[in-house]
Structure formats: structure tokens, C-alpha cells
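Asks: Please find one structure pasted underneath; my questions will follow.
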Number of protein chains: 2
Amino acid sequence: MSTVKPGYVRPLDLRQGRIDLTHGAGGRATYQLIETVFRPAFSETWPRGWQATGDDGARLPPLPPPLRDGRLVMATDAHVITPLFFPGGDIGSLAIHGTVNDLAMMGAKPLYMSASFILEEGLHLSDLVRIAQSMARAAKESGVAIVAGDTKVVERGKADGLFISTSGLGLCSENLQLSGQMARPGDAVLLSGSVGEHGMAVLSQREGLRFDSPIVSDSAPLHELAAHMLATGAALRVLRDPTRGGLANTLNEIASASHVGMLLDETAIPVLPPVTAACELMGLDPLYLANEGKLIAICAEADAPRLLEAMQAHPLGRRACRIGTVTDDANGFVRMQTAFGGQRILDWLMGDPLPRIC
Amino acid sequence: MSTVKPGYVRPLDLRQGRIDLTHGAGGRATYQLIETVFRPAFSETWPRGWQATGDDGARLPPLPPPLRDGRLVMATDAHVITPLFFPGGDIGSLAIHGTVNDLAMMGAKPLYMSASFILEEGLHLSDLVRIAQSMARAAKESGVAIVAGDTKVVERGKADGLFISTSGLGLCSENLQLSGQMARPGDAVLLSGSVGEHGMAVLSQREGLRFDSPIVSDSAPLHELAAHMLATGAALRVLRDPTRGGLANTLNEIASASHVGMLLDETAIPVLPPVTAACELMGLDPLYLANEGKLIAICAEADAPRLLEAMQAHPLGRRACRIGTVTDDANGFVRMQTAFGGQRILDWLMGDPLPRIC
């Protein structure tokens, strides 16, 4: 007679094991995966005294009084980056930073996140553990709690390793209204640092390229830098992180949404020398490469100097600089003063030079 | 000289067109996809006076005063169902109902949702439009606004048509605490209707099976039924929708979380005759098949009659019935009195008889 409890499943082999379809079926194997991989990692991010109950949703702690009068902000991102691990991060840390930064760009304090996983049958459990731990680390650093999740498994060949969708909830003050629609002619365009590292780091990892100085993703949480900037009281109109499509595309989006143009100074835009070199080699423009730890700020001209100073005082804004000015242009053209004294139009991203970089 | 504005892209061909990688690149094509497919559909769900600004996140309207003192509830789901369209619904309506129901099972009023899309290159735009419209319809019916989204595209063969992850935000009253951990010996176990339709509807569509009476998914939003039940003031301990893993697995989850057993009456569990017939034909047990519009309620014995009456008074609970009683059993066994007078243990779901049904 067996003394095994009904529903017994063998312990997970976190070293050699792989994901199979039962891990997504909602039965004991799913429960085991959650309890062995996700709960130990994500519980590190939970607020004191709170814990996930294993129910259909997460009942959040009461909002702290100073925030109760604020406005909720919600953001979501799907992450399909390949490869899963790259210099400077992995799909897990990226998934956290991506959503934390979306909330931060709305002027919100990131508070809670949910994560849903689509796993391909055959995924190494050791990779999943590494990714879950990386998510937890990034969430802790960002001050957000991962409070809800879901896991599905699809058959071999029906997905590409692992996709993660994250959603975030944050709170911003009632009176704050940052939006890509609010840039006005005469405003200053600021950038928090050098561009192109994330896209180039992922590409070099994917293609097995080696450079003299390794290029590392800039993936980082921007909420503190943003809060620091908001605290200056400067007349901030727009905060935006130039991810997919890079600086060029994000500026075009803002110009289009605000019905303005922009005039940039090409020489003012910082690009690290190894990124410049790799771009030249591969025929890519760093202004179209994704960033995951940079922000664009547009503010009233008069406030630009002190805002820039505040940015430069923060570790993630040390290389912050002014890169241009918002102009009156109903066509929404983003123009760039080139190093040679000419002007060129910096167009929207066309095609997809680098698929799956986030 | 061309008069075409920089970044011009051809209008989307919503009839014959397909998704390509540029739709996920974050440039003009992504913008065009959002503006042509998602915004027109989802704007139907937005609260009066509110609209998406195209920024990194959605700044939500102020919470209505009676809700401000409540507790936020957050839930998320990944949806990987195949086929994308099935009798009684599609991946879009399912994605809405799934998350609405997760919130409803926490006793929360569903308010806002985000949706992130992972599209496979080659997906028919006509299918995507149909799915987006179906999501909007389901959201409107459920009283939730789809306020934030994200779209990624992966290369042909790297995903299976379309995956959707949804996250939901709701509010429940401060004092309400429903949880699978709260069942107590002596409590009544109620079920809102017949089981197995969703799983069998998807399976029959996938396998091209035809039955005399077509089997239709029960996919439906349960928030109104749940609110109606909460309004009775009955001592409700647990609300749970038996999705993946079916009734059997969900009851085992509750028993395990509450450290109790259950004794069910097999003859009391409603199963529609065509589902019974199809299950017999295919060697499946309807108690393990997924449902998407049913709920299990566990309440104090004394309150069972009036709670049942309230359920039966709602269109989605017309066939509600009592199916068993919570027992004192440290092993957490779910036992079932069979039609033949015997008892059997209703175990956790083992393996995955029906992958990708949600």
C-alpha cells in the first residue's frame, strides 16, 4: 500500500530539470513551481507583514496616508528579449526596470508589480531560477513588491524560451501632469546620459561580437532620478525613457504628440566611444538604439540649468546634458544640427534594425 | 521632390494585411497599429472624460469617494489558448473574463485593466482586429476600462499566433477578507453551475469534433454574481473560479491552503449531458476540465440556504447548488460520495490532459 499523499510530485531538480507542460496545467506541478521558484524569490520584495495568500489576486496593503490623495498610474510591458542573458542584465531585471521606468516617467512612485510568465517546454529550470532571482533583486532595488503572477507553459517550438509580461502600479501627486503632449516651443530638451548601450550590448551578445571594451547594457531603475528631478520644482513637461526606437524615435513621438518641432545639437548627444565604433562597423545609428536606463526631460527654458544640475548630482544622471530646444513646427520635424554645420531631419524609426531588444 | 512627411507608412490593410516585425519595433508602424487597431476598440471602454495620452503609463481618474477607503486588489493572467477562436469566445474575451474573475473572486470591483500583446510575425491583422474588438466588448460588459497596453512582435515560429497578458486592478472593502485559506470544517461548499463546458468547447474546436448538441464555452464575467452574493451579508470564506485543473483541482487547492478536507456528493455536481457524453467518449473527467464562468463559494453552514438562493436569482447562478461540506481532515483529502454509494478521493490534477485551454 502506498503511503504517498495524493498528488505527490517529485521535488523539482533545479539544476538539471526542465519545464514541462504540467508546470502550466494549474495542478500540483504548477503549485510546486510557484512554491519552489517564484515564492522564495519574490517574497523578498514583499512589504513587512504582507504575504501572498495563493489566491486569485493580491489584496494590497493600505496606501500610506500621504499617497492616498494621489493618482494611481498603471503601466504594462511585454518582454521578449533574446538572448535571455546579456551583459548588464537579463530578461528578468529588464522586465522590472522597464515597468518601473514607465511609472517613473509618469512622475509616479512605483509600488507594486505583477508578472506573468509564458514558458516554453524544455526551458532549463536553472535559467528560470536565475531570472526569478534577478527580478527580485531588481524589484528590491526599485522599491517595488512583486505581488501577483501567473505561469503558462506552451509546447516546444511554440514560444522562444521565455516571455515575461509585467504590469506596475504607482502613485503620483494629484497635481502633477507629465505627458508627451506638453512640450512647448522654447522648452529645453535634456538627456540624462549616453545613448545606445542597451541595444548594442544585446546585439553584440546575440551575434557573438567581441569589442576591445565590452559594451554593457545601461538597464537601471530611473524612479529615484525622476523623483530627484521632480523635487526641484522645475516646470517639467515631459519625462520619457528612450527605449525601443531609441532617442530619435522617442523625440519624434513627443514632437508629434505635442505638435512641435525640435532642434538638436548632434555634438551634444553623448555616445560612448565603443558604441560609436561598433555602430560604425555595423552601419547602425546609435540614436535609434534602445536604452533602458536613460531619460529625456523637457522643461521650461528658465528651469533648465537647475534641473540639469539636479540630474548631474544623481549617479544615473552624471553625464546629463542639454541636447536641444523645442521649436514651433506644425510638421513635427526633429532637426539636427550636425557636427559639420549642416542640418538633417532625424526621422522616425523605419523598419526594425534590431528586433527583440526588450 | 517627395512631399511625403518623414516617417510616412502606408495605411494598414486590415483585411489582407499581416503583422510584421516593424509593428513591434516602437516606430511609426507600432504607433500606426495602436492607433488603427487598439485605440478605436479600447477607447470604447474608457471612463467619460478620460483618454489615453500615449505616454508610458496611464494616469487613472481619481477613485470614487466610497471606494477610496477600500483596498486595492491586483491580479494578472497570461493567455495562450489555442485555437484563438472557439465556440463561446476567443482569446480576447477570455483574457478579459479571466482577469475580471480573478478580481471578483477576491471580492473586488474590477476597475482597470492593462493588456500586453506578444504577436507572431504573420498574424492576420483581421484576426487581431476581431480579438481587440472582442476584448473591448467583454471589458465594457464587465465595467472595466482597458487603460494601458504594450505590443511586441516575435519572428515567425517564435510564438504561436498571439499571446495576451492582462493585469487588473480592483477595489474591495477594507473589512472583506476572502481567501482559499479560510475554509473551516462544517462550512458548505456551493457551486454556481455546471462544469466542464469551457475545456470541452476548446478541445472540440481544436480537434474538429462535432457533437449533436454543440458545446459552448461558459466564459463570462462573474463580478456581478459575486457582488450580488457579497451583498447578502452571508459569512463567505472563499470564492474561487475553477479554471485550469477544473473543479477537482481548485477544491484541492482550497483544502490544502485551509488544512481541511471536503466531502462532496458526486450526484449533486451538474454536468451538461453533451459534456458528459463527450467526456465518456474521450476518457476525460469533467471535474478536471476548465471553466471560465463558474465559481465555487464556501460559506458558514447557517448562511448556505440564503446564499444559494441569491446565487440562483442571478442569471449566471441559475443552476447553483450545494455540492458538499468542508470536513476536519489534516491530510486535506477531497473525498467524493459516488453515485453508487462508495467514496473516492478526488485528487489534484496530474499531468496535463488538456494543454493551453486558457
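All residue names refer to the C-alpha cells as shown: chains lettered A, B, ... in order, residues numbered from 1 in each chain, ligands numbered from 1 in order.
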Do you have, as a tab-separated table, the list of residues of chain B lying at most 6 Å from chain A, each with its nearest atom pair and that distance in Å to one decimal, counting only C-alpha atoms and ordered by chain then number?

Replies:
```
residue	atom	partner	partner_atom	distance
B:Pro6	CA	A:Asp347	CA	5.8
B:Gly7	CA	A:Trp348	CA	5.2
B:Thr22	CA	A:Gly351	CA	5.1
B:Ala25	CA	A:Asp352	CA	5.4
B:Gly26	CA	A:Arg244	CA	5.3
B:Gly27	CA	A:Leu349	CA	4.8
B:Asp56	CA	A:Asp102	CA	4.9
B:Gly57	CA	A:Ala75	CA	4.3
B:Ala58	CA	A:Met74	CA	5.2
B:Arg59	CA	A:Val73	CA	4.5
B:Leu60	CA	A:Leu72	CA	5.5
B:Leu72	CA	A:Leu60	CA	5.4
B:Val73	CA	A:Arg59	CA	4.4
B:Met74	CA	A:Ala58	CA	5.2
B:Ala75	CA	A:Gly57	CA	4.3
B:Thr76	CA	A:Gly149	CA	5.8
B:Asp77	CA	A:Asp150	CA	5.3
B:Ala78	CA	A:Ser116	CA	5.7
B:Asp102	CA	A:Asp56	CA	4.9
B:Ser116	CA	A:Ala78	CA	5.7
B:Ala148	CA	A:Ala75	CA	5.8
B:Gly149	CA	A:Thr76	CA	5.8
B:Asp150	CA	A:Asp77	CA	5.3
B:Lys158	CA	A:Ala159	CA	5.0
B:Ala159	CA	A:Ala159	CA	4.1
B:Asp160	CA	A:Lys158	CA	5.1
B:Arg244	CA	A:Gly26	CA	5.3
B:Gly245	CA	A:Gly26	CA	5.4
B:Asp347	CA	A:Pro6	CA	5.8
B:Trp348	CA	A:Gly7	CA	5.2
B:Leu349	CA	A:Gly27	CA	4.8
B:Gly351	CA	A:Thr22	CA	5.1
B:Asp352	CA	A:Thr22	CA	5.2
```

Asks: Among segment 146-226 of chain B, which residues carry a DSSP assignment of alpha helix (DSSP H), reported as a count of residues only?

Replies: 15

Asks: Can you tell me which residues surround segment 259-270 of chain B at a distance of at most 10 Å, considering only C-alpha atoms, apart from same-chain residues fewer than 5 positions away, and format the answer as a ChimeraX atom specification?

Replies: /B:181-196,247,251-254,276,286-287,319-341,343-346

Asks: Give me the residues within 10 Å of Trp46 of chain A as a list in words, counting only C-alpha atoms and dropping any in the same chain fewer than 3 places off.

Replies: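 In the requested form, the answer reads Phe42, Ser43, Gly49, Trp50, Gln51, Ala52, Tyr112, Ala136, Ala139, Lys140, Gly143, Val144, Ala145, Ile146 and Val147 of chain A.
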
Asks: Where in segment 88-281 of chain B does DSSP assign strand (DSSP E or B), given as a PyMOL selection string?

Replies: chain B and resi 89-90+109-120+124+145-154+162-172+188-191+236-240+261-265

Asks: Please produce a file of those selected residues containing C-alpha atoms, as a PDB file, in the first residue's frame.

Replies:
```
ATOM      1  CA  GLY B  89     -15.480  33.187 -27.133  1.00  0.00           C
ATOM      2  CA  ASP B  90     -11.944  33.905 -28.232  1.00  0.00           C
ATOM      3  CA  LYS B 109     -14.989  45.517  -8.008  1.00  0.00           C
ATOM      4  CA  PRO B 110     -12.914  45.330 -11.228  1.00  0.00           C
ATOM      5  CA  LEU B 111     -11.985  48.826 -12.424  1.00  0.00           C
ATOM      6  CA  TYR B 112      -8.966  48.966 -14.717  1.00  0.00           C
ATOM      7  CA  MET B 113      -7.003  46.607 -16.898  1.00  0.00           C
ATOM      8  CA  SER B 114      -3.812  46.616 -18.887  1.00  0.00           C
ATOM      9  CA  ALA B 115      -3.112  44.295 -21.790  1.00  0.00           C
ATOM     10  CA  SER B 116       0.210  43.272 -23.289  1.00  0.00           C
ATOM     11  CA  PHE B 117       0.357  41.520 -26.624  1.00  0.00           C
ATOM     12  CA  ILE B 118       3.008  39.189 -27.968  1.00  0.00           C
ATOM     13  CA  LEU B 119       2.274  38.792 -31.667  1.00  0.00           C
ATOM     14  CA  GLU B 120       3.834  36.329 -34.063  1.00  0.00           C
ATOM     15  CA  HIS B 124      -3.586  38.189 -39.779  1.00  0.00           C
ATOM     16  CA  ALA B 145     -11.540  50.174 -18.722  1.00  0.00           C
ATOM     17  CA  ILE B 146      -8.533  48.952 -20.703  1.00  0.00           C
ATOM     18  CA  VAL B 147      -6.155  51.809 -19.963  1.00  0.00           C
ATOM     19  CA  ALA B 148      -2.643  50.638 -20.769  1.00  0.00           C
ATOM     20  CA  GLY B 149      -1.024  48.283 -23.210  1.00  0.00           C
ATOM     21  CA  ASP B 150       2.114  47.106 -24.930  1.00  0.00           C
ATOM     22  CA  THR B 151       2.798  45.289 -28.172  1.00  0.00           C
ATOM     23  CA  LYS B 152       5.776  43.154 -29.092  1.00  0.00           C
ATOM     24  CA  VAL B 153       6.300  41.108 -32.237  1.00  0.00           C
ATOM     25  CA  VAL B 154       8.473  37.999 -32.469  1.00  0.00           C
ATOM     26  CA  LEU B 162      -0.813  35.576 -30.320  1.00  0.00           C
ATOM     27  CA  PHE B 163      -0.392  35.611 -26.552  1.00  0.00           C
ATOM     28  CA  ILE B 164      -2.155  38.155 -24.331  1.00  0.00           C
ATOM     29  CA  SER B 165      -1.253  39.012 -20.760  1.00  0.00           C
ATOM     30  CA  THR B 166      -3.759  41.048 -18.815  1.00  0.00           C
ATOM     31  CA  SER B 167      -3.486  42.671 -15.425  1.00  0.00           C
ATOM     32  CA  GLY B 168      -6.384  44.031 -13.476  1.00  0.00           C
ATOM     33  CA  LEU B 169      -6.898  46.489 -10.699  1.00  0.00           C
ATOM     34  CA  GLY B 170      -9.950  46.446  -8.473  1.00  0.00           C
ATOM     35  CA  LEU B 171     -11.118  47.635  -5.094  1.00  0.00           C
ATOM     36  CA  CYS B 172     -12.651  45.669  -2.291  1.00  0.00           C
ATOM     37  CA  ALA B 188     -20.934  24.475   2.997  1.00  0.00           C
ATOM     38  CA  VAL B 189     -19.440  24.109  -0.495  1.00  0.00           C
ATOM     39  CA  LEU B 190     -21.556  25.704  -3.218  1.00  0.00           C
ATOM     40  CA  LEU B 191     -21.076  25.713  -6.988  1.00  0.00           C
ATOM     41  CA  LEU B 236     -18.440  33.948   2.887  1.00  0.00           C
ATOM     42  CA  ARG B 237     -14.994  32.419   3.400  1.00  0.00           C
ATOM     43  CA  VAL B 238     -13.827  31.530  -0.101  1.00  0.00           C
ATOM     44  CA  LEU B 239     -14.745  32.492  -3.652  1.00  0.00           C
ATOM     45  CA  ARG B 240     -12.779  30.787  -6.398  1.00  0.00           C
ATOM     46  CA  GLY B 261     -10.835  18.114   3.888  1.00  0.00           C
ATOM     47  CA  MET B 262     -14.036  18.077   1.871  1.00  0.00           C
ATOM     48  CA  LEU B 263     -16.788  15.589   1.327  1.00  0.00           C
ATOM     49  CA  LEU B 264     -18.644  16.055  -1.933  1.00  0.00           C
ATOM     50  CA  ASP B 265     -21.751  14.482  -3.347  1.00  0.00           C
TER      51      ASP B 265
END
```

Asks: Under the rule that only C-alpha atoms are counted, which of A:Ala310, A:Leu203, A:Val100, A:Leu14 is the nearest residue to Ala220 of chain A?

Replies: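 Closest candidate: A:Val100.
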
Asks: Measure the distance from atom CA of Leu94 of chain B to atom CA of Gly293 of chain B in Å and round it to one decimal.

Replies: 9.9 Å

Asks: Which distance in Å separates atom CA of Leu308 of chain A and atom CA of Leu284 of chain A, to one decimal?

Replies: 28.9 Å
